[in-house]
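S.K.: Take a look at the following structure, please.
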Amino acid sequence: MTSTTKSDAATGTLRGGPRRRRVGTGGGRGAPLPLLVPALIGLAFLIVPLIALLVRAPWRSMPEQLTSAEVWQALRLSLICATAATAVSLVIGVPLAWLLARVEFRGRGLVRALVTLPLVLPPVVGGVALLTSLGRNGIVGQWLDSWFGITLPFTTAGVVVAEAFVAMPFLVISVEGTLRAADPRYEEAATTLGASRFTAFRRVTLPLIAPGIAAGAVLAWARALGEFGATITFAGNFPGRTQTMPLAVYLALQSDPEAAIALSLVLLAVSVAVLAGLRDRWMTAG
């Protein structure tokens, strides 16, 4: 070992040890065949149906398909209901996420499991659950009907309720994760300076978790826009009142497949736009 090499080694030791080479994850070698083949099959399984949708799209008649009164009616109702469902999710979902992230109480794990249950619950089952709870003869709906004259099933408000039921868990999970990553000492410092818990939440916590709230709201909005099972079960499929875009796709598929493809492309474009908007949060690493 030369004197220069010894000097470099000593310098490295003084600075915290010898410098290590960074090893890439790929290692410069190709993927093994037993992993590459199923990976390509999985990629094709996810991409080919979308490509087929684009290939079979009636591009020549697309303007006529998308400018019909029924399509615009369903699209307008979908946008209004999805936005309203997202607003409802924000109003009650953000405080729920804060409760799960910041407050220690018995049964918190069970509450979190119940909150996330609509993510894995079949949407039709969710619609049936809404009917048994908020229907005219439901355990809550009967009192809403007799006391306030409010009937939710098979109404536009019922669409909003069904979409909020299936979409709010996306918002809660996103906001709770952001709250857990945020440093709670900022809130504690605000309370020691005389601010109430609510003021600290409003003036300190909300600005810190705003990106997480925005991401969760976009995910909830996209989920509400594509909701089908709970909506058709709880709100029905009445044009102009409860027929959203997914329901219009289902109805068109039975009589006009080209119209169903055209409507599906609209929802596909919305989904791509959502992914593009969230690319910095979900589609990049590091």
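Chains: A, B, ... in order of the structure tokens. Residues: from 1 per chain. Ligands: from 1, in order shown.
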At most 9 Å is the cut-off: for each residue in region 144-190 of chain A with any atom that close to an atom of region 64-88 of chain A, write down the nearest atom pair and the distance in Å rounded to one decimal, counting only C-alpha atoms, chain first then increasing number, as a tab-separated table.
M.R.:
residue	atom	partner	partner_atom	distance
A:Thr156	CA	A:Cys81	CA	7.6
A:Ala157	CA	A:Cys81	CA	8.1
A:Val159	CA	A:Cys81	CA	6.7
A:Val160	CA	A:Ala85	CA	5.1
A:Val161	CA	A:Ala85	CA	6.8
A:Ala162	CA	A:Ala85	CA	8.3
A:Glu163	CA	A:Ala85	CA	5.9
A:Ala164	CA	A:Ala85	CA	4.6
A:Phe165	CA	A:Ala85	CA	8.4
A:Ala167	CA	A:Thr86	CA	7.6
A:Met168	CA	A:Thr86	CA	7.4
A:Leu171	CA	A:Thr86	CA	8.7
S.K.: At a cut-off of 8 Å, using only C-alpha atoms, what residues contact Arg102 (chain A)? Leave out same-chain residues fewer than 3 positions from it and give the result as an mmCIF file with C-alpha atoms, in the first residue's frame.
M.R.:
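Saved the output as part-v2.cif:
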data_model
loop_
_atom_site.group_PDB
_atom_site.id
_atom_site.type_symbol
_atom_site.label_atom_id
_atom_site.label_comp_id
_atom_site.auth_asym_id
_atom_site.auth_seq_id
_atom_site.Cartn_x
_atom_site.Cartn_y
_atom_site.Cartn_z
ATOM 1 C CA TRP A 98 -57.127 13.724 12.988
ATOM 2 C CA LEU A 99 -58.893 11.714 15.683
ATOM 3 C CA LEU A 179 -50.787 13.587 10.046
ATOM 4 C CA ARG A 180 -48.646 10.745 11.353
#
S.K.: Determine the nearest neighbour of Thr242 (chain A) from the options A:Val204, A:Leu152, A:Val94, A:Leu267, counting only C-alpha atoms.
M.R.: A:Leu152
S.K.: What's around Pro211 (chain A) at 9 Å? Count only C-alpha atoms, leave out sequence neighbours fewer than 4 positions away in its own chain, and write the answer as a CSV table (one decimal) with all heavy atoms, in the first residue's frame.
M.R.:
chain,number,residue,atom,x,y,z
A,175,VAL,N,-55.1,11.4,4.7
A,175,VAL,CA,-54.9,12.5,5.7
A,175,VAL,C,-54.3,11.9,6.9
A,175,VAL,O,-53.4,12.6,7.6
A,175,VAL,CB,-56.2,13.2,6.0
A,175,VAL,CG1,-56.0,14.2,7.1
A,175,VAL,CG2,-56.7,13.9,4.7
A,178,THR,N,-50.6,11.5,6.4
A,178,THR,CA,-49.9,12.7,6.4
A,178,THR,C,-49.8,13.3,7.9
A,178,THR,O,-48.8,13.9,8.2
A,178,THR,CB,-50.6,13.8,5.6
A,178,THR,OG1,-50.8,13.2,4.3
A,178,THR,CG2,-49.9,15.0,5.4
A,207,PRO,N,-52.3,23.8,7.5
A,207,PRO,CA,-51.3,24.2,6.5
A,207,PRO,C,-50.2,23.1,6.3
A,207,PRO,O,-49.7,22.9,5.1
A,207,PRO,CB,-50.7,25.5,7.0
A,207,PRO,CG,-51.7,26.1,7.8
A,207,PRO,CD,-52.4,24.9,8.5
A,215,ALA,N,-54.4,15.5,-1.9
A,215,ALA,CA,-54.2,14.2,-2.6
A,215,ALA,C,-55.4,13.3,-2.2
A,215,ALA,O,-56.0,12.6,-3.1
A,215,ALA,CB,-52.9,13.6,-2.2
A,216,GLY,N,-55.8,13.3,-1.0
A,216,GLY,CA,-56.9,12.5,-0.5
A,216,GLY,C,-58.2,12.9,-1.2
A,216,GLY,O,-59.1,12.1,-1.5
S.K.: Separation of CA of Leu131 (chain A) and CA of Pro153 (chain A), in Å?
M.R.: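 Result for CA of Leu131 (chain A) versus CA of Pro153 (chain A): 7.1 Å, one decimal.
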S.K.: Hey, can you check how far CA of Ala222 (chain A) sits from CA of Pro123 (chain A)?
M.R.: 15.3 Å
S.K.: So how far away is CA of Asn137 (chain A) from CA of Val91 (chain A), in Å?
M.R.: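 Separation between CA of Val91 (chain A) and CA of Asn137 (chain A): 27.2 Å.
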S.K.: Considering only C-alpha atoms, return as a ChimeraX atom specification whatever protein or nucleic-acid residues lie within 7 Å of Ala97 (chain A), sequence-local ones (same chain, fewer than 4 positions apart) excluded.
M.R.: /A:93,101,172,175-176
S.K.: Could you pull out the alpha helix (DSSP H) residues of region 2-233 of chain A from DSSP and send them as a PyMOL selection string?
M.R.: chain A and resi 3-14+33-55+62-66+69-102+108-120+123-134+141-143+156-181+185-192+197-200+206-225+229-233
